Amino acid sequence: MRRLEAIRQLAAEWTDELIVATTGMISRELYVVRDRAENFYMCGSMGCALPIGLGLSLAHPERKVVVLDGDGAALMSLGSLALARHLRLPNLVHIILDNATYASTGDQPTCSAALNFEEVGFQVRHLRVEPGNQPDTPRIPYDPLEMRRRFERAVRRSA
Ligand SMILES: Cc1ncc(C[n+]2csc(CCOP(=O)(O)OP(=O)(O)O)c2C)c(N)n1
Ligand SMILES: [Mg+2]
């Protein structure tokens with residue numbers, strides 16, 4: 001399955017979940033498929049979606065939090081996977097879209113086949129997707145501060 005289609009199917013399931021989407025085309029494809037104030041797009045800092053999701057889940061145990069990650073970003077934040085397993089936060093789900101490449105930067109291979117993400121992290125949904133990016137996917141037009149404020153309002157709104 002293409003990554004865009006996987007994101008489309010996942011996003012169709014969400015109601016009031018807070019989504020933290022990883023850097024790169026995953027965020028951009030989520031923006032195309034279903035932009036909403038409850039989406040936080042992690043601009044630039046690969047590997048930071050899960051640590052942000054962990055903080056959010058700790059601070060807001062009443063909210064469901066979904067981290068939408070890539071395999072490359074998950075590999076970059078392996079310590080956070082271990083922390084997630086240690087904390088076992090019931091309101092956090094960690095989805096990893098595994099295409100075995102750093103697709104956003106040109107499909108350089110990752111070593112995702114070397115480990116079992118579900119055994120390292122906590123409440124991991126490991127989904128295999130095809131490498132490559134959807135052509136002509138626009139950049140997310142929001143100023144990062146503006147997007148963060150929109151997200152913070154959404155976090156407070158239904159708390
Ligand atoms: C710390 C850091 N290293 C590298 C990059 C460049 N970069 C942005 S997205 C990306 C690839 C992400 O790969 P993955 O998480 O597997 O997602 P995919 O694009 O394959 O869906 C890279 C290397 C970055 N933004 N930040
Ligand atoms: Mg990848």
# chains A, B, ... in the order shown; residues from 1 in each chain; ligands from 1
$ residues_near_ligand --ligand "ligand 1" --cutoff "7 Å" --atoms "only C-alpha atoms and all ligand atoms" --output "short mmCIF file (atom, residue, chain, number, x, y, z; two decimals) with all heavy atoms, in the first residue's frame"
data_model
loop_
_atom_site.label_atom_id
_atom_site.label_comp_id
_atom_site.auth_asym_id
_atom_site.auth_seq_id
_atom_site.Cartn_x
_atom_site.Cartn_y
_atom_site.Cartn_z
N THR A 22 5.35 13.06 12.17
CA THR A 22 6.80 13.21 12.03
C THR A 22 7.20 14.10 10.85
O THR A 22 6.39 14.38 9.95
CB THR A 22 7.46 11.81 11.88
OG1 THR A 22 8.87 11.95 11.91
CG2 THR A 22 7.06 11.16 10.55
N THR A 23 8.43 14.51 10.88
CA THR A 23 9.02 15.41 9.88
C THR A 23 9.02 14.78 8.48
O THR A 23 9.29 13.60 8.33
CB THR A 23 10.49 15.68 10.28
OG1 THR A 23 10.50 16.14 11.60
CG2 THR A 23 11.13 16.70 9.36
N GLY A 24 8.76 15.60 7.51
CA GLY A 24 8.92 15.16 6.12
C GLY A 24 7.59 14.93 5.45
O GLY A 24 6.56 15.54 5.79
N MET A 25 7.60 14.01 4.49
CA MET A 25 6.42 13.82 3.65
C MET A 25 5.25 13.21 4.40
O MET A 25 4.11 13.35 3.97
CB MET A 25 6.79 12.96 2.44
CG MET A 25 7.86 13.57 1.54
SD MET A 25 7.47 15.23 0.95
CE MET A 25 6.23 14.84 -0.26
N ILE A 26 5.50 12.55 5.52
CA ILE A 26 4.37 12.00 6.29
C ILE A 26 3.49 13.15 6.76
O ILE A 26 2.26 13.11 6.62
CB ILE A 26 4.88 11.12 7.45
CG1 ILE A 26 5.44 9.80 6.88
CG2 ILE A 26 3.77 10.84 8.47
CD1 ILE A 26 6.00 8.83 7.91
N GLY A 44 10.88 19.89 10.55
CA GLY A 44 12.35 19.96 10.61
C GLY A 44 13.03 18.97 11.52
O GLY A 44 14.06 18.42 11.17
N SER A 45 12.48 18.73 12.70
CA SER A 45 13.21 17.94 13.69
C SER A 45 12.79 16.48 13.67
O SER A 45 11.92 16.04 14.41
CB SER A 45 13.00 18.53 15.09
OG SER A 45 13.48 19.85 15.11
N MET A 46 13.45 15.73 12.81
CA MET A 46 13.18 14.29 12.69
C MET A 46 13.50 13.59 14.02
O MET A 46 14.50 13.92 14.67
CB MET A 46 14.08 13.77 11.57
CG MET A 46 13.96 12.32 11.25
SD MET A 46 15.14 11.98 9.91
CE MET A 46 15.18 10.22 9.98
N GLY A 47 12.66 12.66 14.41
CA GLY A 47 12.89 11.90 15.64
C GLY A 47 12.23 12.53 16.86
O GLY A 47 12.30 11.97 17.96
N ASP A 69 4.56 8.16 12.86
CA ASP A 69 6.01 8.18 12.70
C ASP A 69 6.44 7.45 11.44
O ASP A 69 5.68 6.65 10.86
CB ASP A 69 6.62 7.44 13.92
CG ASP A 69 7.82 8.15 14.50
OD1 ASP A 69 8.33 9.09 13.87
OD2 ASP A 69 8.25 7.74 15.60
N GLY A 70 7.67 7.70 11.03
CA GLY A 70 8.30 6.92 9.97
C GLY A 70 9.30 5.95 10.59
O GLY A 70 9.69 6.12 11.75
N ASP A 71 9.73 4.98 9.79
CA ASP A 71 10.71 4.02 10.33
C ASP A 71 12.04 4.71 10.61
O ASP A 71 12.68 4.46 11.64
CB ASP A 71 10.90 2.82 9.39
CG ASP A 71 11.29 3.23 7.98
OD1 ASP A 71 10.59 4.06 7.38
OD2 ASP A 71 12.32 2.73 7.47
N GLY A 72 12.45 5.62 9.72
CA GLY A 72 13.72 6.32 9.93
C GLY A 72 13.69 7.18 11.18
O GLY A 72 14.63 7.18 11.98
N ALA A 73 12.58 7.87 11.38
CA ALA A 73 12.45 8.73 12.57
C ALA A 73 12.36 7.88 13.83
O ALA A 73 12.93 8.24 14.87
CB ALA A 73 11.21 9.61 12.43
N ALA A 74 11.67 6.75 13.76
CA ALA A 74 11.57 5.87 14.92
C ALA A 74 12.94 5.31 15.29
O ALA A 74 13.30 5.21 16.47
CB ALA A 74 10.58 4.73 14.65
N LEU A 97 4.98 4.02 10.10
CA LEU A 97 4.81 3.70 8.68
C LEU A 97 6.19 3.32 8.15
O LEU A 97 7.07 4.17 8.00
CB LEU A 97 4.25 4.92 7.93
CG LEU A 97 2.88 5.41 8.42
CD1 LEU A 97 2.47 6.67 7.68
CD2 LEU A 97 1.82 4.32 8.24
N ASP A 98 6.37 2.04 7.91
CA ASP A 98 7.69 1.49 7.59
C ASP A 98 7.81 1.18 6.10
O ASP A 98 7.21 0.23 5.61
CB ASP A 98 7.93 0.22 8.43
CG ASP A 98 9.33 -0.34 8.28
OD1 ASP A 98 10.10 0.18 7.45
OD2 ASP A 98 9.65 -1.29 9.01
N ASN A 99 8.57 2.03 5.40
CA ASN A 99 8.84 1.77 3.98
C ASN A 99 10.29 1.34 3.77
O ASN A 99 10.78 1.28 2.64
CB ASN A 99 8.51 3.01 3.14
CG ASN A 99 9.11 4.28 3.74
OD1 ASN A 99 10.01 4.20 4.57
ND2 ASN A 99 8.60 5.42 3.35
N ALA A 100 11.00 1.11 4.89
CA ALA A 100 12.41 0.67 4.86
C ALA A 100 13.34 1.69 4.22
O ALA A 100 14.47 1.35 3.86
CB ALA A 100 12.55 -0.70 4.18
N THR A 101 12.86 2.92 4.07
CA THR A 101 13.72 3.97 3.50
C THR A 101 13.46 5.31 4.19
O THR A 101 12.45 5.50 4.87
CB THR A 101 13.48 4.20 1.99
OG1 THR A 101 12.24 4.89 1.80
CG2 THR A 101 13.50 2.93 1.19
N TYR A 102 14.40 6.23 3.97
CA TYR A 102 14.20 7.65 4.27
C TYR A 102 13.58 8.24 3.01
O TYR A 102 14.26 8.90 2.21
CB TYR A 102 15.54 8.32 4.61
CG TYR A 102 16.26 7.72 5.78
CD1 TYR A 102 17.30 6.80 5.61
CD2 TYR A 102 15.92 8.08 7.09
CE1 TYR A 102 17.97 6.25 6.69
CE2 TYR A 102 16.60 7.53 8.19
CZ TYR A 102 17.61 6.63 7.97
OH TYR A 102 18.28 6.08 9.05
N ALA A 103 12.30 7.99 2.83
CA ALA A 103 11.67 8.35 1.55
C ALA A 103 11.70 9.85 1.30
O ALA A 103 11.94 10.29 0.18
CB ALA A 103 10.23 7.82 1.53
N SER A 104 11.46 10.62 2.35
CA SER A 104 11.34 12.07 2.19
C SER A 104 12.59 12.70 1.59
O SER A 104 12.52 13.75 0.96
CB SER A 104 11.05 12.73 3.54
OG SER A 104 9.85 12.26 4.07
N THR A 105 13.73 12.07 1.82
CA THR A 105 14.98 12.65 1.31
C THR A 105 15.56 11.83 0.16
O THR A 105 16.74 11.96 -0.16
CB THR A 105 16.01 12.77 2.45
OG1 THR A 105 16.09 11.53 3.15
CG2 THR A 105 15.64 13.87 3.41
N ASP A 107 14.67 8.17 -0.55
CA ASP A 107 14.62 6.70 -0.45
C ASP A 107 15.97 6.02 -0.17
O ASP A 107 16.22 4.91 -0.65
CB ASP A 107 13.97 6.09 -1.70
CG ASP A 107 12.45 6.03 -1.57
OD1 ASP A 107 11.95 5.84 -0.45
OD2 ASP A 107 11.76 6.18 -2.60
N PRO A 131 7.87 2.30 -0.57
CA PRO A 131 8.75 3.49 -0.58
C PRO A 131 8.25 4.52 -1.58
O PRO A 131 7.30 4.28 -2.32
CB PRO A 131 10.11 2.91 -0.99
CG PRO A 131 9.84 1.60 -1.62
CD PRO A 131 8.52 1.11 -1.10
#
$ residues_around --residues "range 77-84 of chain A" --least-positions-apart "2" --cutoff "12 Å" --atoms "only C-alpha atoms" --output "ChimeraX atom specification"
/A:22,45-55,57-58,67,69-75,86-96,112,115-124
$ select_by_dssp --residues "range 2-149 of chain A" --states "alpha helix (DSSP H)" --output "PyMOL selection string"
chain A and resi 3-13+25-34+49-59+71-76+78-87+117-120+144-149
$ residues_around --residues "Arg139 in chain A" --least-positions-apart "2" --cutoff "7 Å" --atoms "only C-alpha atoms" --output "NGL selection string"
:A and (28 or 137 or 141)
$ write_last_selection --atoms "C-alpha atoms" --output "PDB file, in the first residue's frame"
ATOM      1  CA  ARG A  28       2.787  16.799   4.256  1.00  0.00           C
ATOM      2  CA  THR A 137       2.530  17.098  -2.459  1.00  0.00           C
ATOM      3  CA  PRO A 141       1.649  26.569   4.416  1.00  0.00           C
TER       4      PRO A 141
END
$ residues_around --residues "Asp16 in chain A" --least-positions-apart "5" --cutoff "12 Å" --atoms "only C-alpha atoms" --output "VMD selection string"
chain A and resid 11 36 to 39 62 to 66 154 to 159
$ write_last_selection --atoms "C-alpha atoms" --output "mmCIF file, in the first residue's frame"
data_model
loop_
_atom_site.group_PDB
_atom_site.id
_atom_site.type_symbol
_atom_site.label_atom_id
_atom_site.label_comp_id
_atom_site.auth_asym_id
_atom_site.auth_seq_id
_atom_site.Cartn_x
_atom_site.Cartn_y
_atom_site.Cartn_z
ATOM 1 C CA ALA A 11 -6.987 9.584 9.408
ATOM 2 C CA ARG A 36 -7.216 19.643 11.357
ATOM 3 C CA ALA A 37 -6.315 21.782 14.364
ATOM 4 C CA GLU A 38 -5.598 18.600 16.344
ATOM 5 C CA ASN A 39 -2.666 17.791 14.031
ATOM 6 C CA GLU A 62 -7.620 12.631 29.393
ATOM 7 C CA ARG A 63 -6.694 12.961 25.677
ATOM 8 C CA LYS A 64 -5.931 10.222 23.179
ATOM 9 C CA VAL A 65 -2.590 10.907 21.501
ATOM 10 C CA VAL A 66 -1.377 9.322 18.267
ATOM 11 C CA ALA A 154 -7.161 22.439 20.156
ATOM 12 C CA VAL A 155 -5.492 20.667 23.091
ATOM 13 C CA ARG A 156 -7.203 22.991 25.572
ATOM 14 C CA ARG A 157 -10.568 23.055 23.781
ATOM 15 C CA SER A 158 -11.858 19.622 24.634
ATOM 16 C CA ALA A 159 -9.717 18.959 27.701
#
